[in-house]
Amino acid sequence: MSNYVKRFSAFDRVVHWVLAVAFFVLVFSGLGLFAHTFFGYFDFFGGPEQGILAHKIAGIAFLITSVLLFLAHAKETCRFDGDDAKWFGAFGGYLKRGGKEIPQGKFNAGQKLFALFSFVATIALGLTGWVIWDPTAMERGLTQMSLMLHGLFFILFMMGAVVHIYLATIGNPGTADGMLWGYVKKVWAKKHASKWYKEVIGE
Amino acid sequence: MARKAFMIDTSRCTACRGCQVACKQWNKLPADAEVNRGSYENPPQLTPHLYNKIEFIEKGEGKDFTWRFLNQRCLQCGDAGCIKVCPSAGALFHTEEGLVGYDQDKCISCNYCVNGCPFDVPRYDANNKVTKCHGCMDRVANGLQPACVKACPTASLQFGDRDKLIAAAKASGKQVYGETALSGLGAMYALDGSPQDYNLAENPSIPQSIFLWKDVIKPLGILGFWGAVGAAMLHYVTVGPKQLEDDFEDKGGE
Ligand code: HEM
Ligand code: SF4
Ligand code: SF4
């Protein structure tokens, strides 16, 4: 019997990694506009005008893949229950070593929160990005507000991405496998997503 | 160097528009093809080829009719919203005299600056580069008067030492617009009426959303990013990761 269970389809994985690449292109091209300190990042793209163009193209790729990834998991991520309340109450067990894991579905409560945040922030960045595509085209107050909100959701997403990347890699060994090649170890599933594990094993 | 400035005395303006013409001549700007809108005011707004213009403010009917003339241009703010939002250091800048100049070679055509400006001034030329009144910074640096000031036949437009211009305007009983707003404008008005009569904001300021964006979100964001990185690193070396083989004696953080 295999030591692994299937977690993500090839579709999930490809969409996730296109999303991640688009996100980093957006970060590096966007930072050049965000603060003078990062203006040099435009050199990666061959100059500021090209950097802005890369940001617009990556923005479309990000918007599409982020919405697709959200929709692919929406059934699991939009449903919270009593165990999730307990999970939040215990901060997911991240504040102490070796505690007992609270039973969770395919995604734990924190992941679900991040998935919802990611969707909301994607839509906010997409809408404001559309307004500031040409900052002289639309009503002035709306453009100014959009510049501000685009910056706000950008920094929130950056902070979210740092936490996400930490918890998906070294913070929870074994987790990255699922998104890299589709399978996770059974011990991983039993520990992190026991309700989901029982479901897929058919116990 | 003592700050230099324009003082624009609206009561002396006859709307001859010599300033508009002199500016175009010195800055080699072509005429804009226009239509007759039933007013002498033309064009109706600043354009990429029009750095200053006379606004004709027509209010009231019959006996109450008033006609006021306002020289519109970049007001050379001390705290300039256009500079605040410009991503390319040096594309917009303060000159030694306190004028707000620009360098088109450094402009990256992002079109942000008009959104930072409280007065809707910056425009973008055929190459999508910033244009606006720069106070004839080239002439001023060489000890000359700006072209519009030189051309003005009534001395409605004056240019010189900022403090002296303010003192002179006040001595003749005029209300000075822009003495302190935005850390002091480098183009002030001696108004013949209230700011509202001239369609000017009573207390011009950098838009609230622009302030939040550049002075709150930007610094907090940089702090937040490094805070998140630091928190993750601290978590890893104190509590540590959730290992799959988890039979520890202690509770972490010890
Ligand atoms: C390169 C760095 C990244 C790594 C190593 C990484 C890793 C992962 C892993 C391992 C998962 C699956 C988690 C699980 O099995 O429960 C995942 C899911 C996900 N990731 Fe990433 N990721 C990265 C970048 C990003 C970025 C930049 C974003 C945001 C734009 C993002 C958004 C998501 C979302 C929305 C999910 C779906 C899970 C859910 O719906 O909660 N990822 N990531
Ligand atoms: S359009 Fe040019 S001058 Fe204006 S903010 Fe952008 S880079 Fe600066
Ligand atoms: S009036 Fe507008 S363009 Fe001129 S200095 Fe002030 S903010 Fe900049």
# chains A, B, ... in the order shown; residues from 1 in each chain; ligands from 1
>>> select_by_dssp(residues="region 3-198 of chain A", states="strand (DSSP E or B)", output="JSON, numbers by chain")
{"A": [4, 5, 6, 183, 184, 185]}
>>> residues_around(residues="region 138-140 of chain A", least_positions_apart="4", cutoff="10 Å", atoms="only C-alpha atoms", output="list of chain:residue names")
A:Val131, A:Ile132, A:Trp133, A:Asp134, A:Gln144, A:Met145, A:Ser146, B:Val114, B:Asn115, B:Gly116, B:Asp120
>>> residues_near_ligand(ligand="ligand 2", cutoff="9 Å", atoms="only C-alpha atoms and all ligand atoms", output="ChimeraX atom specification")
/B:82-92,102-104,106-116,122-124,128-131
>>> interface_residues(of="chain A", to="chain B", cutoff="8 Å", atoms="only C-alpha atoms", output="VMD selection string")
chain A and resid 32 to 36 39 48 to 49 94 to 99 134 to 136 140 143 to 145 147 to 149 151 to 152 155 to 156 158 to 159 162 to 163 166 170 to 174 187 to 188 191
>>> residues_around(residues="region 143-154 of chain B", least_positions_apart="3", cutoff="9 Å", atoms="only C-alpha atoms", output="PDB file with N, CA, C and O atoms, in the first residue's frame")
ATOM      1  N   PHE B   6       6.337  83.912  -7.991  1.00  0.00           N
ATOM      2  CA  PHE B   6       5.463  84.790  -8.771  1.00  0.00           C
ATOM      3  C   PHE B   6       4.456  85.416  -7.811  1.00  0.00           C
ATOM      4  O   PHE B   6       3.985  84.750  -6.879  1.00  0.00           O
ATOM      5  N   ARG B  12      -4.957  93.833 -11.638  1.00  0.00           N
ATOM      6  CA  ARG B  12      -4.276  94.570 -12.710  1.00  0.00           C
ATOM      7  C   ARG B  12      -4.409  93.880 -14.059  1.00  0.00           C
ATOM      8  O   ARG B  12      -4.003  94.427 -15.079  1.00  0.00           O
ATOM      9  N   CYS B  13      -4.941  92.652 -14.062  1.00  0.00           N
ATOM     10  CA  CYS B  13      -4.957  91.872 -15.303  1.00  0.00           C
ATOM     11  C   CYS B  13      -6.067  92.366 -16.226  1.00  0.00           C
ATOM     12  O   CYS B  13      -7.223  92.488 -15.819  1.00  0.00           O
ATOM     13  N   THR B  14      -5.701  92.642 -17.501  1.00  0.00           N
ATOM     14  CA  THR B  14      -6.690  93.069 -18.489  1.00  0.00           C
ATOM     15  C   THR B  14      -7.038  91.933 -19.444  1.00  0.00           C
ATOM     16  O   THR B  14      -7.718  92.137 -20.435  1.00  0.00           O
ATOM     17  N   CYS B  16      -5.173  90.447 -21.570  1.00  0.00           N
ATOM     18  CA  CYS B  16      -4.627  90.611 -22.925  1.00  0.00           C
ATOM     19  C   CYS B  16      -4.006  89.317 -23.423  1.00  0.00           C
ATOM     20  O   CYS B  16      -3.829  89.122 -24.609  1.00  0.00           O
ATOM     21  N   ARG B  17      -3.648  88.456 -22.510  1.00  0.00           N
ATOM     22  CA  ARG B  17      -3.080  87.133 -22.797  1.00  0.00           C
ATOM     23  C   ARG B  17      -1.703  87.200 -23.450  1.00  0.00           C
ATOM     24  O   ARG B  17      -1.286  86.271 -24.143  1.00  0.00           O
ATOM     25  N   GLY B  18      -1.021  88.318 -23.201  1.00  0.00           N
ATOM     26  CA  GLY B  18       0.377  88.402 -23.631  1.00  0.00           C
ATOM     27  C   GLY B  18       1.216  87.309 -22.997  1.00  0.00           C
ATOM     28  O   GLY B  18       2.139  86.769 -23.605  1.00  0.00           O
ATOM     29  N   CYS B  19       0.861  86.935 -21.737  1.00  0.00           N
ATOM     30  CA  CYS B  19       1.606  85.884 -21.033  1.00  0.00           C
ATOM     31  C   CYS B  19       1.505  84.551 -21.757  1.00  0.00           C
ATOM     32  O   CYS B  19       2.500  83.835 -21.907  1.00  0.00           O
ATOM     33  N   GLN B  20       0.302  84.219 -22.230  1.00  0.00           N
ATOM     34  CA  GLN B  20       0.102  82.962 -22.950  1.00  0.00           C
ATOM     35  C   GLN B  20       0.997  82.905 -24.185  1.00  0.00           C
ATOM     36  O   GLN B  20       1.611  81.882 -24.477  1.00  0.00           O
ATOM     37  N   VAL B  21       1.035  84.052 -24.897  1.00  0.00           N
ATOM     38  CA  VAL B  21       1.787  84.098 -26.158  1.00  0.00           C
ATOM     39  C   VAL B  21       3.295  84.061 -25.888  1.00  0.00           C
ATOM     40  O   VAL B  21       4.032  83.311 -26.532  1.00  0.00           O
ATOM     41  N   ALA B  22       3.727  84.839 -24.895  1.00  0.00           N
ATOM     42  CA  ALA B  22       5.169  84.893 -24.601  1.00  0.00           C
ATOM     43  C   ALA B  22       5.677  83.530 -24.168  1.00  0.00           C
ATOM     44  O   ALA B  22       6.785  83.106 -24.515  1.00  0.00           O
ATOM     45  N   CYS B  23       4.855  82.803 -23.399  1.00  0.00           N
ATOM     46  CA  CYS B  23       5.228  81.464 -22.929  1.00  0.00           C
ATOM     47  C   CYS B  23       5.407  80.521 -24.108  1.00  0.00           C
ATOM     48  O   CYS B  23       6.380  79.776 -24.200  1.00  0.00           O
ATOM     49  N   GLN B  25       6.101  81.315 -27.090  1.00  0.00           N
ATOM     50  CA  GLN B  25       7.257  81.707 -27.886  1.00  0.00           C
ATOM     51  C   GLN B  25       8.550  81.202 -27.243  1.00  0.00           C
ATOM     52  O   GLN B  25       9.360  80.561 -27.897  1.00  0.00           O
ATOM     53  N   TRP B  26       8.715  81.468 -25.931  1.00  0.00           N
ATOM     54  CA  TRP B  26       9.969  81.068 -25.292  1.00  0.00           C
ATOM     55  C   TRP B  26      10.113  79.544 -25.246  1.00  0.00           C
ATOM     56  O   TRP B  26      11.172  78.991 -25.507  1.00  0.00           O
ATOM     57  N   ASN B  27       9.018  78.852 -24.922  1.00  0.00           N
ATOM     58  CA  ASN B  27       9.096  77.395 -24.773  1.00  0.00           C
ATOM     59  C   ASN B  27       8.841  76.647 -26.079  1.00  0.00           C
ATOM     60  O   ASN B  27       8.726  75.417 -26.073  1.00  0.00           O
ATOM     61  N   ASN B  52       0.462  78.293 -19.298  1.00  0.00           N
ATOM     62  CA  ASN B  52      -0.317  79.232 -18.483  1.00  0.00           C
ATOM     63  C   ASN B  52      -1.383  79.856 -19.360  1.00  0.00           C
ATOM     64  O   ASN B  52      -1.232  79.959 -20.564  1.00  0.00           O
ATOM     65  N   GLY B 135       8.166  77.749 -14.491  1.00  0.00           N
ATOM     66  CA  GLY B 135       8.630  79.071 -14.071  1.00  0.00           C
ATOM     67  C   GLY B 135       9.807  79.554 -14.898  1.00  0.00           C
ATOM     68  O   GLY B 135      10.608  80.359 -14.409  1.00  0.00           O
ATOM     69  N   CYS B 136       9.921  79.098 -16.130  1.00  0.00           N
ATOM     70  CA  CYS B 136      11.080  79.425 -16.965  1.00  0.00           C
ATOM     71  C   CYS B 136      12.364  79.217 -16.164  1.00  0.00           C
ATOM     72  O   CYS B 136      13.200  80.120 -16.031  1.00  0.00           O
ATOM     73  N   MET B 137      12.518  78.023 -15.603  1.00  0.00           N
ATOM     74  CA  MET B 137      13.674  77.763 -14.725  1.00  0.00           C
ATOM     75  C   MET B 137      14.997  78.019 -15.450  1.00  0.00           C
ATOM     76  O   MET B 137      15.982  78.396 -14.824  1.00  0.00           O
ATOM     77  N   ASP B 138      14.996  77.826 -16.775  1.00  0.00           N
ATOM     78  CA  ASP B 138      16.220  78.088 -17.539  1.00  0.00           C
ATOM     79  C   ASP B 138      16.537  79.578 -17.547  1.00  0.00           C
ATOM     80  O   ASP B 138      17.685  79.979 -17.355  1.00  0.00           O
ATOM     81  N   ARG B 139      15.531  80.419 -17.744  1.00  0.00           N
ATOM     82  CA  ARG B 139      15.750  81.874 -17.735  1.00  0.00           C
ATOM     83  C   ARG B 139      16.116  82.349 -16.327  1.00  0.00           C
ATOM     84  O   ARG B 139      17.062  83.118 -16.144  1.00  0.00           O
ATOM     85  N   VAL B 140      15.366  81.852 -15.339  1.00  0.00           N
ATOM     86  CA  VAL B 140      15.583  82.316 -13.965  1.00  0.00           C
ATOM     87  C   VAL B 140      16.999  81.961 -13.504  1.00  0.00           C
ATOM     88  O   VAL B 140      17.677  82.768 -12.855  1.00  0.00           O
ATOM     89  N   LEU B 157       1.665  90.329 -13.497  1.00  0.00           N
ATOM     90  CA  LEU B 157       2.583  89.240 -13.179  1.00  0.00           C
ATOM     91  C   LEU B 157       3.901  89.836 -12.710  1.00  0.00           C
ATOM     92  O   LEU B 157       4.504  90.646 -13.409  1.00  0.00           O
ATOM     93  N   GLN B 158       4.299  89.436 -11.511  1.00  0.00           N
ATOM     94  CA  GLN B 158       5.619  89.850 -11.029  1.00  0.00           C
ATOM     95  C   GLN B 158       6.379  88.624 -10.563  1.00  0.00           C
ATOM     96  O   GLN B 158       5.793  87.625 -10.171  1.00  0.00           O
ATOM     97  N   PHE B 159       7.700  88.718 -10.614  1.00  0.00           N
ATOM     98  CA  PHE B 159       8.538  87.605 -10.168  1.00  0.00           C
ATOM     99  C   PHE B 159       9.718  88.177  -9.411  1.00  0.00           C
ATOM    100  O   PHE B 159      10.287  89.192  -9.806  1.00  0.00           O
ATOM    101  N   GLY B 160      10.067  87.530  -8.287  1.00  0.00           N
ATOM    102  CA  GLY B 160      11.222  88.016  -7.540  1.00  0.00           C
ATOM    103  C   GLY B 160      11.320  87.334  -6.196  1.00  0.00           C
ATOM    104  O   GLY B 160      10.774  86.243  -5.997  1.00  0.00           O
TER     105      GLY B 160
END
>>> atom_distance(atom1="CA of Ala161 (chain A)", atom2="atom 29 (C, counted along the ligand's line) of ligand 1")
5.9 Å
>>> atom_distance(atom1="CA of Leu113 (chain A)", atom2="CA of Cys78 (chain A)")
8.6 Å
>>> atom_distance(atom1="CA of Leu99 (chain B)", atom2="CA of Phe119 (chain B)")
15.7 Å
>>> residues_near_ligand(ligand="ligand 3", cutoff="6 Å", atoms="only C-alpha atoms and all ligand atoms", output="PyMOL selection string")
chain B and resi 74-77+80-82+100+117-119+121-122
>>> select_by_dssp(residues="chain A", states="helix (DSSP H, G or I)", output="ChimeraX atom specification")
/A:10-34,36-45,48-77,82-89,91-93,109-131,140-168,176-181,186-192,194-201
>>> residues_around(residues="Ser183 (chain B)", least_positions_apart="3", cutoff="9 Å", atoms="only C-alpha atoms", output="JSON, numbers by chain")
{"B": [77, 78, 79, 80, 178, 179, 180]}
>>> residues_near_ligand(ligand="ligand 1", cutoff="8 Å", atoms="only C-alpha atoms and all ligand atoms", output="PDB file with N, CA, C and O atoms, in the first residue's frame")
ATOM      1  N   ARG A   7      -3.276  14.897  -3.473  1.00  0.00           N
ATOM      2  CA  ARG A   7      -3.833  16.106  -2.863  1.00  0.00           C
ATOM      3  C   ARG A   7      -4.274  17.133  -3.904  1.00  0.00           C
ATOM      4  O   ARG A   7      -5.347  17.704  -3.797  1.00  0.00           O
ATOM      5  N   PHE A   8      -3.415  17.381  -4.894  1.00  0.00           N
ATOM      6  CA  PHE A   8      -3.769  18.392  -5.892  1.00  0.00           C
ATOM      7  C   PHE A   8      -3.632  17.829  -7.300  1.00  0.00           C
ATOM      8  O   PHE A   8      -2.646  17.140  -7.610  1.00  0.00           O
ATOM      9  N   HIS A  16      -1.501  27.060  -9.832  1.00  0.00           N
ATOM     10  CA  HIS A  16      -0.825  27.659  -8.676  1.00  0.00           C
ATOM     11  C   HIS A  16       0.537  28.231  -9.040  1.00  0.00           C
ATOM     12  O   HIS A  16       0.908  29.318  -8.605  1.00  0.00           O
ATOM     13  N   TRP A  17       1.302  27.515  -9.866  1.00  0.00           N
ATOM     14  CA  TRP A  17       2.656  28.007 -10.126  1.00  0.00           C
ATOM     15  C   TRP A  17       2.688  29.125 -11.160  1.00  0.00           C
ATOM     16  O   TRP A  17       3.543  30.005 -11.078  1.00  0.00           O
ATOM     17  N   LEU A  19       0.341  31.318 -11.172  1.00  0.00           N
ATOM     18  CA  LEU A  19      -0.050  32.375 -10.240  1.00  0.00           C
ATOM     19  C   LEU A  19       1.151  32.884  -9.450  1.00  0.00           C
ATOM     20  O   LEU A  19       1.364  34.095  -9.316  1.00  0.00           O
ATOM     21  N   ALA A  20       1.968  31.963  -8.943  1.00  0.00           N
ATOM     22  CA  ALA A  20       3.106  32.372  -8.110  1.00  0.00           C
ATOM     23  C   ALA A  20       4.134  33.150  -8.944  1.00  0.00           C
ATOM     24  O   ALA A  20       4.654  34.176  -8.492  1.00  0.00           O
ATOM     25  N   VAL A  21       4.399  32.683 -10.161  1.00  0.00           N
ATOM     26  CA  VAL A  21       5.358  33.400 -11.020  1.00  0.00           C
ATOM     27  C   VAL A  21       4.812  34.782 -11.347  1.00  0.00           C
ATOM     28  O   VAL A  21       5.516  35.795 -11.245  1.00  0.00           O
ATOM     29  N   PHE A  23       2.779  36.500  -9.632  1.00  0.00           N
ATOM     30  CA  PHE A  23       2.832  37.311  -8.409  1.00  0.00           C
ATOM     31  C   PHE A  23       4.211  37.947  -8.245  1.00  0.00           C
ATOM     32  O   PHE A  23       4.333  39.133  -7.950  1.00  0.00           O
ATOM     33  N   PHE A  24       5.265  37.151  -8.461  1.00  0.00           N
ATOM     34  CA  PHE A  24       6.601  37.721  -8.280  1.00  0.00           C
ATOM     35  C   PHE A  24       6.947  38.741  -9.361  1.00  0.00           C
ATOM     36  O   PHE A  24       7.598  39.747  -9.076  1.00  0.00           O
ATOM     37  N   PHE A  62      -2.270  36.938 -13.443  1.00  0.00           N
ATOM     38  CA  PHE A  62      -2.524  36.734 -12.013  1.00  0.00           C
ATOM     39  C   PHE A  62      -4.024  36.725 -11.717  1.00  0.00           C
ATOM     40  O   PHE A  62      -4.528  35.864 -10.993  1.00  0.00           O
ATOM     41  N   SER A  66      -5.607  33.398 -10.287  1.00  0.00           N
ATOM     42  CA  SER A  66      -6.033  33.483  -8.892  1.00  0.00           C
ATOM     43  C   SER A  66      -7.518  33.166  -8.765  1.00  0.00           C
ATOM     44  O   SER A  66      -7.941  32.465  -7.842  1.00  0.00           O
ATOM     45  N   LEU A  69      -7.906  29.358  -9.278  1.00  0.00           N
ATOM     46  CA  LEU A  69      -7.494  28.567  -8.122  1.00  0.00           C
ATOM     47  C   LEU A  69      -8.530  28.664  -7.014  1.00  0.00           C
ATOM     48  O   LEU A  69      -8.850  27.681  -6.347  1.00  0.00           O
ATOM     49  N   PHE A  70      -9.058  29.870  -6.853  1.00  0.00           N
ATOM     50  CA  PHE A  70     -10.089  30.038  -5.815  1.00  0.00           C
ATOM     51  C   PHE A  70     -11.311  29.190  -6.145  1.00  0.00           C
ATOM     52  O   PHE A  70     -11.827  28.468  -5.296  1.00  0.00           O
ATOM     53  N   HIS A  73     -11.062  25.452  -5.481  1.00  0.00           N
ATOM     54  CA  HIS A  73     -11.097  24.999  -4.087  1.00  0.00           C
ATOM     55  C   HIS A  73     -12.242  25.597  -3.285  1.00  0.00           C
ATOM     56  O   HIS A  73     -12.311  25.405  -2.079  1.00  0.00           O
ATOM     57  N   ALA A  74     -13.117  26.346  -3.957  1.00  0.00           N
ATOM     58  CA  ALA A  74     -14.129  27.127  -3.222  1.00  0.00           C
ATOM     59  C   ALA A  74     -15.022  26.237  -2.360  1.00  0.00           C
ATOM     60  O   ALA A  74     -15.429  26.646  -1.265  1.00  0.00           O
ATOM     61  N   THR A  77     -12.954  25.758   0.753  1.00  0.00           N
ATOM     62  CA  THR A  77     -12.434  26.929   1.459  1.00  0.00           C
ATOM     63  C   THR A  77     -13.533  27.852   1.961  1.00  0.00           C
ATOM     64  O   THR A  77     -13.280  28.708   2.793  1.00  0.00           O
ATOM     65  N   LYS A 106      -9.885  19.415   4.218  1.00  0.00           N
ATOM     66  CA  LYS A 106      -8.777  19.453   3.265  1.00  0.00           C
ATOM     67  C   LYS A 106      -7.842  20.618   3.562  1.00  0.00           C
ATOM     68  O   LYS A 106      -6.632  20.493   3.447  1.00  0.00           O
ATOM     69  N   PHE A 107      -8.433  21.751   3.926  1.00  0.00           N
ATOM     70  CA  PHE A 107      -7.619  22.910   4.298  1.00  0.00           C
ATOM     71  C   PHE A 107      -7.923  23.284   5.740  1.00  0.00           C
ATOM     72  O   PHE A 107      -9.080  23.186   6.172  1.00  0.00           O
ATOM     73  N   ASN A 108      -6.896  23.721   6.456  1.00  0.00           N
ATOM     74  CA  ASN A 108      -7.179  24.156   7.823  1.00  0.00           C
ATOM     75  C   ASN A 108      -7.780  25.561   7.802  1.00  0.00           C
ATOM     76  O   ASN A 108      -7.805  26.227   6.765  1.00  0.00           O
ATOM     77  N   GLN A 111      -5.684  28.338   6.329  1.00  0.00           N
ATOM     78  CA  GLN A 111      -5.566  28.262   4.873  1.00  0.00           C
ATOM     79  C   GLN A 111      -6.832  28.767   4.198  1.00  0.00           C
ATOM     80  O   GLN A 111      -6.773  29.449   3.176  1.00  0.00           O
ATOM     81  N   LYS A 112      -7.975  28.434   4.799  1.00  0.00           N
ATOM     82  CA  LYS A 112      -9.239  28.876   4.214  1.00  0.00           C
ATOM     83  C   LYS A 112      -9.353  30.389   4.280  1.00  0.00           C
ATOM     84  O   LYS A 112      -9.782  31.043   3.323  1.00  0.00           O
ATOM     85  N   LEU A 113      -8.909  30.927   5.415  1.00  0.00           N
ATOM     86  CA  LEU A 113      -8.935  32.382   5.558  1.00  0.00           C
ATOM     87  C   LEU A 113      -8.018  33.019   4.506  1.00  0.00           C
ATOM     88  O   LEU A 113      -8.373  34.013   3.867  1.00  0.00           O
ATOM     89  N   PHE A 114      -6.849  32.429   4.307  1.00  0.00           N
ATOM     90  CA  PHE A 114      -5.923  32.970   3.317  1.00  0.00           C
ATOM     91  C   PHE A 114      -6.516  32.863   1.911  1.00  0.00           C
ATOM     92  O   PHE A 114      -6.369  33.767   1.098  1.00  0.00           O
ATOM     93  N   ALA A 115      -7.200  31.746   1.634  1.00  0.00           N
ATOM     94  CA  ALA A 115      -7.811  31.581   0.311  1.00  0.00           C
ATOM     95  C   ALA A 115      -8.857  32.667   0.068  1.00  0.00           C
ATOM     96  O   ALA A 115      -8.901  33.263  -1.014  1.00  0.00           O
ATOM     97  N   LEU A 116      -9.663  32.953   1.100  1.00  0.00           N
ATOM     98  CA  LEU A 116     -10.689  34.000   0.948  1.00  0.00           C
ATOM     99  C   LEU A 116     -10.039  35.365   0.811  1.00  0.00           C
ATOM    100  O   LEU A 116     -10.414  36.178  -0.038  1.00  0.00           O
ATOM    101  N   SER A 118      -7.074  35.976  -0.311  1.00  0.00           N
ATOM    102  CA  SER A 118      -6.424  36.020  -1.616  1.00  0.00           C
ATOM    103  C   SER A 118      -7.429  36.384  -2.706  1.00  0.00           C
ATOM    104  O   SER A 118      -7.140  37.202  -3.593  1.00  0.00           O
ATOM    105  N   PHE A 119      -8.630  35.822  -2.608  1.00  0.00           N
ATOM    106  CA  PHE A 119      -9.648  36.108  -3.616  1.00  0.00           C
ATOM    107  C   PHE A 119     -10.101  37.565  -3.535  1.00  0.00           C
ATOM    108  O   PHE A 119     -10.129  38.275  -4.546  1.00  0.00           O
ATOM    109  N   PHE A 157      -1.059  41.760   0.671  1.00  0.00           N
ATOM    110  CA  PHE A 157      -0.789  40.512  -0.035  1.00  0.00           C
ATOM    111  C   PHE A 157       0.662  40.072   0.168  1.00  0.00           C
ATOM    112  O   PHE A 157       0.971  38.885   0.309  1.00  0.00           O
ATOM    113  N   GLY A 160       0.798  38.559   3.548  1.00  0.00           N
ATOM    114  CA  GLY A 160       0.138  37.256   3.475  1.00  0.00           C
ATOM    115  C   GLY A 160       1.007  36.231   2.775  1.00  0.00           C
ATOM    116  O   GLY A 160       1.116  35.076   3.212  1.00  0.00           O
ATOM    117  N   ALA A 161       1.667  36.652   1.690  1.00  0.00           N
ATOM    118  CA  ALA A 161       2.497  35.711   0.915  1.00  0.00           C
ATOM    119  C   ALA A 161       3.696  35.243   1.746  1.00  0.00           C
ATOM    120  O   ALA A 161       4.093  34.074   1.660  1.00  0.00           O
ATOM    121  N   HIS A 164       2.325  32.693   4.086  1.00  0.00           N
ATOM    122  CA  HIS A 164       1.929  31.523   3.294  1.00  0.00           C
ATOM    123  C   HIS A 164       3.149  30.697   2.871  1.00  0.00           C
ATOM    124  O   HIS A 164       3.168  29.473   3.019  1.00  0.00           O
ATOM    125  N   ILE A 165       4.156  31.375   2.353  1.00  0.00           N
ATOM    126  CA  ILE A 165       5.331  30.650   1.860  1.00  0.00           C
ATOM    127  C   ILE A 165       6.056  29.966   3.026  1.00  0.00           C
ATOM    128  O   ILE A 165       6.487  28.817   2.930  1.00  0.00           O
ATOM    129  N   TYR A 166       6.149  30.664   4.152  1.00  0.00           N
ATOM    130  CA  TYR A 166       6.797  30.050   5.317  1.00  0.00           C
ATOM    131  C   TYR A 166       6.047  28.785   5.756  1.00  0.00           C
ATOM    132  O   TYR A 166       6.641  27.706   5.919  1.00  0.00           O
ATOM    133  N   ALA A 168       3.958  26.956   4.119  1.00  0.00           N
ATOM    134  CA  ALA A 168       3.834  25.907   3.100  1.00  0.00           C
ATOM    135  C   ALA A 168       5.167  25.195   2.852  1.00  0.00           C
ATOM    136  O   ALA A 168       5.207  24.181   2.170  1.00  0.00           O
ATOM    137  N   THR A 169       6.251  25.748   3.392  1.00  0.00           N
ATOM    138  CA  THR A 169       7.562  25.119   3.160  1.00  0.00           C
ATOM    139  C   THR A 169       8.163  24.670   4.494  1.00  0.00           C
ATOM    140  O   THR A 169       7.717  23.685   5.059  1.00  0.00           O
ATOM    141  N   THR A 175       4.545  19.690   3.307  1.00  0.00           N
ATOM    142  CA  THR A 175       3.385  20.348   2.695  1.00  0.00           C
ATOM    143  C   THR A 175       3.636  20.675   1.225  1.00  0.00           C
ATOM    144  O   THR A 175       2.753  20.509   0.383  1.00  0.00           O
ATOM    145  N   ALA A 176       4.851  21.132   0.917  1.00  0.00           N
ATOM    146  CA  ALA A 176       5.132  21.598  -0.451  1.00  0.00           C
ATOM    147  C   ALA A 176       4.971  20.480  -1.479  1.00  0.00           C
ATOM    148  O   ALA A 176       4.600  20.746  -2.621  1.00  0.00           O
ATOM    149  N   ASP A 177       5.209  19.229  -1.057  1.00  0.00           N
ATOM    150  CA  ASP A 177       5.059  18.098  -1.990  1.00  0.00           C
ATOM    151  C   ASP A 177       3.736  18.136  -2.737  1.00  0.00           C
ATOM    152  O   ASP A 177       3.677  17.913  -3.934  1.00  0.00           O
ATOM    153  N   GLY A 178       2.669  18.432  -2.021  1.00  0.00           N
ATOM    154  CA  GLY A 178       1.338  18.407  -2.607  1.00  0.00           C
ATOM    155  C   GLY A 178       1.221  19.356  -3.784  1.00  0.00           C
ATOM    156  O   GLY A 178       0.625  19.019  -4.809  1.00  0.00           O
ATOM    157  N   MET A 179       1.796  20.534  -3.628  1.00  0.00           N
ATOM    158  CA  MET A 179       1.686  21.511  -4.692  1.00  0.00           C
ATOM    159  C   MET A 179       2.779  21.291  -5.747  1.00  0.00           C
ATOM    160  O   MET A 179       2.651  21.755  -6.874  1.00  0.00           O
ATOM    161  N   LEU A 180       3.846  20.589  -5.391  1.00  0.00           N
ATOM    162  CA  LEU A 180       4.932  20.381  -6.362  1.00  0.00           C
ATOM    163  C   LEU A 180       4.622  19.217  -7.298  1.00  0.00           C
ATOM    164  O   LEU A 180       4.750  19.339  -8.505  1.00  0.00           O
ATOM    165  N   VAL A 184       0.856  13.919  -1.050  1.00  0.00           N
ATOM    166  CA  VAL A 184       1.454  14.168   0.274  1.00  0.00           C
ATOM    167  C   VAL A 184       1.539  12.822   1.003  1.00  0.00           C
ATOM    168  O   VAL A 184       0.802  11.888   0.697  1.00  0.00           O
TER     169      VAL A 184
END
>>> residues_around(residues="His49 (chain B)", least_positions_apart="2", cutoff="8 Å", atoms="only C-alpha atoms", output="ChimeraX atom specification")
/B:24,29-32,46-47,51,125
>>> residues_around(residues="region 55-58 of chain A", least_positions_apart="4", cutoff="7 Å", atoms="only C-alpha atoms", output="number ranges by chain")
A: 22, 25-26, 29-30, 51, 62
>>> closest_residue(among="A:Val14, A:Ile52, A:Ala90, A:Ala109", to="Leu68 (chain A)", atoms="only C-alpha atoms")
A:Val14
>>> closest_residue(among="A:Ile102, A:Gly89, A:Ile60, A:Gly141", to="Leu127 (chain A)", atoms="only C-alpha atoms")
A:Ile60
